[in-house]
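Source file data-v3.pdb; content: PDB, C-alpha atoms.
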ATOM      1  CA  MET A   1       2.472   1.591   0.034
ATOM      2  CA  ILE A   2       2.131   3.390  -3.281
ATOM      3  CA  LYS A   3       1.209   6.866  -4.534
ATOM      4  CA  VAL A   4      -2.557   7.316  -4.911
ATOM      5  CA  ASN A   5      -4.423   9.945  -6.899
ATOM      6  CA  ARG A   6      -7.336  11.015  -4.748
ATOM      7  CA  SER A   7     -10.397  12.535  -6.374
ATOM      8  CA  PRO A   8     -10.301  16.273  -5.556
ATOM      9  CA  VAL A   9     -14.066  16.468  -5.065
ATOM     10  CA  ALA A  10     -15.370  15.183  -1.750
ATOM     11  CA  PRO A  11     -18.408  12.858  -1.849
ATOM     12  CA  PRO A  12     -21.622  14.754  -0.928
ATOM     13  CA  SER A  13     -22.389  12.619   2.128
ATOM     14  CA  LEU A  14     -19.462  14.106   4.033
ATOM     15  CA  ALA A  15     -21.169  17.506   4.033
ATOM     16  CA  LYS A  16     -24.212  15.767   5.511
ATOM     17  CA  GLY A  17     -22.205  14.462   8.452
ATOM     18  CA  THR A  18     -21.382  10.846   7.563
ATOM     19  CA  TYR A  19     -18.293   9.135   6.172
ATOM     20  CA  GLN A  20     -19.805   5.650   5.994
ATOM     21  CA  ALA A  21     -22.277   6.362   3.194
ATOM     22  CA  LYS A  22     -22.316   4.561  -0.135
ATOM     23  CA  ASP A  23     -20.848   7.443  -2.155
ATOM     24  CA  VAL A  24     -17.844   7.737   0.168
ATOM     25  CA  GLN A  25     -17.146   4.012   0.078
ATOM     26  CA  GLU A  26     -17.514   3.838  -3.704
ATOM     27  CA  GLN A  27     -15.149   6.757  -4.233
ATOM     28  CA  LEU A  28     -12.548   5.314  -1.862
ATOM     29  CA  LEU A  29     -12.685   1.965  -3.650
ATOM     30  CA  LEU A  30     -12.230   3.720  -6.975
ATOM     31  CA  ASP A  31      -9.467   6.100  -5.901
ATOM     32  CA  PHE A  32      -7.459   3.441  -4.070
ATOM     33  CA  ASN A  33      -7.928   0.873  -6.846
ATOM     34  CA  GLY A  34      -9.602  -1.517  -4.425
ATOM     35  CA  LYS A  35      -6.381  -1.920  -2.413
ATOM     36  CA  CYS A  36      -5.593  -1.351   1.252
ATOM     37  CA  TYR A  37      -3.424   1.756   1.273
ATOM     38  CA  LEU A  38      -1.042   0.167   3.782
ATOM     39  CA  CYS A  39      -0.406  -3.437   2.738
ATOM     40  CA  GLU A  40      -1.617  -2.987  -0.890
ATOM     41  CA  CYS A  41      -3.595  -6.206  -0.708
ATOM     42  CA  ARG A  42      -6.706  -6.269  -2.898
ATOM     43  CA  ASP A  43      -8.145  -9.532  -1.594
ATOM     44  CA  MET A  44      -9.456  -8.018   1.635
ATOM     45  CA  GLN A  45     -11.653 -10.089   3.922
ATOM     46  CA  SER A  46     -13.062  -6.951   5.520
ATOM     47  CA  ILE A  47     -12.802  -3.351   4.317
ATOM     48  CA  VAL A  48     -12.963  -0.271   6.530
ATOM     49  CA  THR A  49     -12.673   3.490   6.153
ATOM     50  CA  GLU A  50      -9.453   4.490   7.861
ATOM     51  CA  HIS A  51      -8.571   7.905   9.256
ATOM     52  CA  LEU A  52      -4.931   8.714   8.596
ATOM     53  CA  VAL A  53      -4.892  11.135  11.529
ATOM     54  CA  ALA A  54      -6.882   9.787  14.469
ATOM     55  CA  HIS A  55      -9.986  11.926  14.982
ATOM     56  CA  HIS A  56     -10.912  10.994  18.591
ATOM     57  CA  GLY A  57     -14.436  12.236  17.895
ATOM     58  CA  ALA A  58     -13.394  15.549  16.292
ATOM     59  CA  ARG A  59     -15.822  16.014  13.396
ATOM     60  CA  VAL A  60     -13.399  18.134  11.381
ATOM     61  CA  LEU A  61     -10.982  15.214  11.154
ATOM     62  CA  MET A  62     -13.721  12.601  11.057
ATOM     63  CA  LEU A  63     -15.358  14.112   7.947
ATOM     64  CA  ASP A  64     -12.276  15.457   6.196
ATOM     65  CA  TRP A  65     -12.167  13.826   2.764
ATOM     66  CA  ASN A  66      -8.377  14.101   2.691
ATOM     67  CA  ASN A  67      -8.161  12.178   5.977
ATOM     68  CA  LEU A  68     -10.105   9.151   4.734
ATOM     69  CA  PHE A  69      -8.295   6.113   3.356
ATOM     70  CA  LEU A  70      -9.227   2.617   2.218
ATOM     71  CA  SER A  71      -7.901  -0.071   4.538
ATOM     72  CA  CYS A  72      -8.321  -3.709   5.371
ATOM     73  CA  SER A  73      -9.467  -4.387   8.916
ATOM     74  CA  HIS A  74      -6.149  -6.036   9.811
ATOM     75  CA  CYS A  75      -3.997  -3.027   8.899
ATOM     76  CA  ASN A  76      -6.559  -0.705  10.467
ATOM     77  CA  SER A  77      -6.291  -2.599  13.751
ATOM     78  CA  VAL A  78      -2.486  -2.604  13.622
ATOM     79  CA  LYS A  79      -2.451   1.142  12.985
ATOM     80  CA  ASN A  80      -4.833   1.709  15.886
ATOM     81  CA  GLN A  81      -1.939   2.338  18.260
ATOM     82  CA  LYS A  82      -1.040   5.668  19.781
ATOM     83  CA  LYS A  83       2.402   5.679  18.179
ATOM     84  CA  TYR A  84       0.788   5.587  14.724
ATOM     85  CA  GLU A  85      -1.823   8.308  15.265
ATOM     86  CA  HIS A  86       0.364  10.959  13.638
ATOM     87  CA  ASP A  87       3.321  11.316  11.294
ATOM     88  CA  ILE A  88       2.396   8.600   8.804
ATOM     89  CA  ILE A  89       3.057   9.170   5.103
ATOM     90  CA  ASP A  90       0.036  10.556   3.261
ATOM     91  CA  CYS A  91       0.292   8.566   0.043
ATOM     92  CA  CYS A  92      -2.110  10.964  -1.670
ATOM     93  CA  ILE A  93       0.362  13.813  -1.152
ATOM     94  CA  ASP A  94       3.839  12.297  -0.821
ATOM     95  CA  ASP A  95       5.235   9.517  -2.989
ATOM     96  CA  PRO A  96       6.058   6.604  -0.644
ATOM     97  CA  GLU A  97       8.562   5.256  -3.174
ATOM     98  CA  LYS A  98      10.731   8.321  -2.538
ATOM     99  CA  LEU A  99      10.674   7.781   1.219
ATOM    100  CA  LEU A 100      10.609   3.990   1.559
ATOM    101  CA  ASN A 101      12.634   1.163   0.119
ATOM    102  CA  GLN A 102      10.073  -1.647  -0.169
ATOM    103  CA  THR A 103      12.093  -4.799  -0.650
ATOM    104  CA  ILE A 104      12.152  -8.535  -0.052
ATOM    105  CA  ASP A 105      13.968 -10.192   2.827
ATOM    106  CA  ASP A 106      16.518 -12.437   1.108
ATOM    107  CA  THR A 107      16.331 -14.988   3.914
ATOM    108  CA  THR A 108      12.566 -15.371   4.368
ATOM    109  CA  GLY A 109      11.177 -14.034   1.102
ATOM    110  CA  GLU A 110       8.874 -11.811   3.138
ATOM    111  CA  PRO A 111       8.228  -8.062   2.746
ATOM    112  CA  LEU A 112      10.855  -5.757   4.207
ATOM    113  CA  ILE A 113      10.355  -1.995   4.428
ATOM    114  CA  GLU A 114      13.294   0.316   5.080
ATOM    115  CA  THR A 115      13.532   4.088   5.115
ATOM    116  CA  ILE A 116      15.150   6.342   2.553
ATOM    117  CA  GLY A 117      16.428   9.140   4.735
ATOM    118  CA  ASP A 118      15.477   9.603   8.353
ATOM    119  CA  SER A 119      12.303  11.675   8.353
ATOM    120  CA  LEU A 120       9.900  10.900  11.180
ATOM    121  CA  LYS A 121       7.127  10.056   8.701
ATOM    122  CA  ALA A 122       9.355   7.591   6.866
ATOM    123  CA  VAL A 123      10.482   5.913  10.085
ATOM    124  CA  ASN A 124       6.967   5.650  11.523
ATOM    125  CA  THR A 125       5.496   4.399   8.260
ATOM    126  CA  ALA A 126       8.215   1.783   7.781
ATOM    127  CA  ASN A 127       7.576   0.504  11.306
ATOM    128  CA  LEU A 128       3.824   0.454  10.686
ATOM    129  CA  LEU A 129       4.105  -1.435   7.401
ATOM    130  CA  ASN A 130       6.494  -3.974   8.864
ATOM    131  CA  ASP A 131       3.964  -4.454  11.669
ATOM    132  CA  CYS A 132       1.156  -4.936   9.135
ATOM    133  CA  PHE A 133       3.060  -7.823   7.568
ATOM    134  CA  GLY A 134       4.515  -9.272  10.742
ATOM    135  CA  LYS A 135       2.398  -8.405  13.784
ATOM    136  CA  ASP A 136       1.884 -11.590  15.797
ATOM    137  CA  ASN A 137       0.888 -10.402  19.259
ATOM    138  CA  THR A 138      -2.439 -12.260  18.972
ATOM    139  CA  PRO A 139      -3.285 -15.487  17.116
ATOM    140  CA  TYR A 140      -5.747 -13.639  14.844
ATOM    141  CA  ARG A 141      -3.236 -10.952  13.892
ATOM    142  CA  LYS A 142      -0.578 -13.575  13.296
ATOM    143  CA  ALA A 143      -2.899 -15.501  10.964
ATOM    144  CA  GLU A 144      -3.966 -12.354   9.108
ATOM    145  CA  ALA A 145      -0.370 -11.194   8.666
ATOM    146  CA  ALA A 146       0.605 -14.645   7.406
ATOM    147  CA  SER A 147      -2.213 -14.488   4.861
ATOM    148  CA  LYS A 148      -0.895 -11.180   3.518
ATOM    149  CA  VAL A 149       2.654 -12.504   3.300
ATOM    150  CA  LYS A 150       1.367 -15.507   1.381
ATOM    151  CA  ALA A 151      -0.437 -13.256  -1.126
ATOM    152  CA  PHE A 152       2.695 -11.130  -1.406
ATOM    153  CA  LYS A 153       4.830 -14.168  -2.223
ATOM    154  CA  VAL A 154       2.398 -15.274  -4.936
ATOM    155  CA  VAL A 155       2.701 -11.904  -6.690
ATOM    156  CA  MET A 156       6.480 -11.710  -6.330
ATOM    157  CA  ASN A 157       6.995 -15.279  -7.542
ATOM    158  CA  GLU A 158       4.874 -14.503 -10.589
ATOM    159  CA  LEU A 159       6.989 -11.410 -11.239
ATOM    160  CA  TYR A 160      10.207 -13.438 -11.000
ATOM    161  CA  LYS A 161       8.888 -15.982 -13.514
ATOM    162  CA  LYS A 162       7.790 -13.355 -16.016
ATOM    163  CA  LEU A 163      11.097 -11.496 -15.733
ATOM    164  CA  LEU A 164      12.824 -14.632 -17.001
ATOM    165  CA  THR A 165      10.810 -14.719 -20.218
ATOM    166  CA  PHE A 166       9.481 -11.212 -20.955
ATOM    167  CA  ARG A 167      12.133 -10.559 -23.604
ATOM    168  CA  GLU A 168      10.971 -13.532 -25.664
ATOM    169  CA  LYS A 169       7.228 -13.456 -24.988
ATOM    170  CA  GLU A 170       5.099 -10.394 -25.679
ATOM    171  CA  ASP A 171       2.387 -11.644 -23.313
ATOM    172  CA  ASP A 172       4.904 -11.869 -20.490
ATOM    173  CA  LEU A 173       6.130  -8.340 -21.194
ATOM    174  CA  ARG A 174       2.556  -7.107 -20.863
ATOM    175  CA  ALA A 175       2.199  -9.104 -17.651
ATOM    176  CA  VAL A 176       5.356  -7.538 -16.178
ATOM    177  CA  LYS A 177       4.233  -4.042 -17.104
ATOM    178  CA  GLY A 178       0.871  -4.778 -15.485
ATOM    179  CA  MET A 179       2.565  -5.840 -12.239
ATOM    180  CA  LEU A 180       4.608  -2.620 -12.262
ATOM    181  CA  ASP A 181       1.511  -0.474 -12.635
ATOM    182  CA  ARG A 182       0.671   1.371  -9.405
ATOM    183  CA  ARG A 183      -2.829  -0.094  -9.511
ATOM    184  CA  HIS A 184      -1.515  -3.655  -9.134
ATOM    185  CA  PRO A 185      -1.428  -5.380  -5.723
ATOM    186  CA  PHE A 186       1.938  -4.932  -3.963
ATOM    187  CA  ALA A 187       3.094  -2.493  -6.649
ATOM    188  CA  GLY A 188       5.375  -0.736  -4.179
ATOM    189  CA  PHE A 189       7.342  -3.991  -3.941
ATOM    190  CA  THR A 190       7.240  -5.087  -7.586
ATOM    191  CA  ARG A 191       8.388  -1.628  -8.664
ATOM    192  CA  GLY A 192      10.969  -1.489  -5.893
ATOM    193  CA  TYR A 193      12.418  -4.836  -6.922
ATOM    194  CA  VAL A 194      12.777  -3.906 -10.581
ATOM    195  CA  ARG A 195      14.111  -0.451  -9.728
ATOM    196  CA  SER A 196      16.855  -2.024  -7.595
ATOM    197  CA  HIS A 197      17.739  -4.407 -10.448
ATOM    198  CA  LEU A 198      17.658  -2.040 -13.418
ATOM    199  CA  GLY A 199      21.097  -3.252 -14.396
ATOM    200  CA  ASP A 200      19.408  -6.561 -15.266
ATOM    201  CA  TYR A 201      16.254  -5.028 -16.754
ATOM    202  CA  PRO A 202      17.204  -1.656 -18.302
ATOM    203  CA  GLU A 203      14.308  -1.805 -20.755
ATOM    204  CA  LEU A 204      11.869  -1.547 -17.829
ATOM    205  CA  LYS A 205      13.254   1.765 -16.588
ATOM    206  CA  ASP A 206      10.303   3.799 -17.870
ATOM    207  CA  CYS A 207       7.888   1.519 -15.996
ATOM    208  CA  VAL A 208       9.307   2.371 -12.573
ATOM    209  CA  LEU A 209      10.192   6.035 -12.926
ATOM    210  CA  LEU A 210       9.327   8.281  -9.999
ATOM    211  CA  GLY A 211       7.477  11.527 -10.575
TER     212      GLY A 211
END

Target encoding structure tokens, full file:
Amino acid sequence: MIKVNRSPVAPPSLAKGTYQAKDVQEQLLLDFNGKCYLCECRDMQSIVTEHLVAHHGARVLMLDWNNLFLSCSHCNSVKNQKKYEHDIIDCCIDDPEKLLNQTIDDTTGEPLIETIGDSLKAVNTANLLNDCFGKDNTPYRKAEAASKVKAFKVVMNELYKKLLTFREKEDDLRAVKGMLDRRHPFAGFTRGYVRSHLGDYPELKDCVLLG
């Protein structure tokens, strides 16, 4: 999960009573850089409009521009549990990088999300994100989670390779900076990795600064 700059102006269709219209979907795709706000995957098989706070039919929440997020169907289904209806980090308001340590499990090479501090939002969001990457209570969810982990490993392996050569190759330096940009898939993890290894890559400090 990464900080997102939401457009301050709500799409017109929301005032007309619908959040599934073309202008809403286009603006969400633009604002969220085409990534699921939870797993940060851009290669989404199915895209849905997610409500951060469950609306349960309440039109105020259903049509609230600030309550609408871009999600893949897998993460949306994982989040559709009562325990995740409230107290999840709003990445358009709070910076997830200040509340979550998004790392790599040294044993499996898979995503690992831990909390920074003990706020309820941080704890709930860490649990949710770990579920998004590891939920296996049904064969479909297990397969979808495995697909996300595979995409994650591709990005992280590419980062590792470029970090070995970016000091000698200008193209690789540009590639590393691109992977540390918040718009890049899994940026919360690429930035988290470099930030935790700044002793090895001090010249990349400016690329992973927190606001």

Exactly which residues make up the result of the PyMOL selection byres ((chain A and resi 188) around 7) on this file, given as a short mmCIF file (atom, residue, chain, number, x, y, z; two decimals) with C-alpha atoms, in the coordinates of the input?
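Output contents, as saved in expr28.cif:
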data_model
loop_
_atom_site.label_atom_id
_atom_site.label_comp_id
_atom_site.auth_asym_id
_atom_site.auth_seq_id
_atom_site.Cartn_x
_atom_site.Cartn_y
_atom_site.Cartn_z
CA MET A 1 2.47 1.59 0.03
CA ILE A 2 2.13 3.39 -3.28
CA GLU A 97 8.56 5.26 -3.17
CA GLN A 102 10.07 -1.65 -0.17
CA PHE A 186 1.94 -4.93 -3.96
CA ALA A 187 3.09 -2.49 -6.65
CA PHE A 189 7.34 -3.99 -3.94
CA THR A 190 7.24 -5.09 -7.59
CA ARG A 191 8.39 -1.63 -8.66
CA GLY A 192 10.97 -1.49 -5.89
#

| Output of the PyMOL selection byres ((chain A and resi 18) around 12), listed as number ranges by chain | A: 10-17, 19-25, 49, 59-65, 68

| message | With all atoms listed in the file as the counted atoms, please give the residues lying no more than 7 Å from Leu112 of chain A, apart from itself and same-chain residues fewer than 3 positions off, as a ChimeraX atom specification. | response | /A:102-105,130

| request: Find the distance between atom CA of Ala151 of chain A and atom CA of Asp118 of chain A and write it in Å to one decimal. | output: 29.4 Å

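Restricting the calculation to all atoms listed in the file, the smallest distance between Ile88 of chain A and any of A:Leu173, A:Phe166, A:His184, A:Ser119 is found for A:Ser119.
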
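Among the candidate residues A:Lys153, A:Lys79, A:Lys169, A:Lys161, the one lying nearest to Thr125 of chain A is A:Lys79, with distances computed using only C-alpha atoms.
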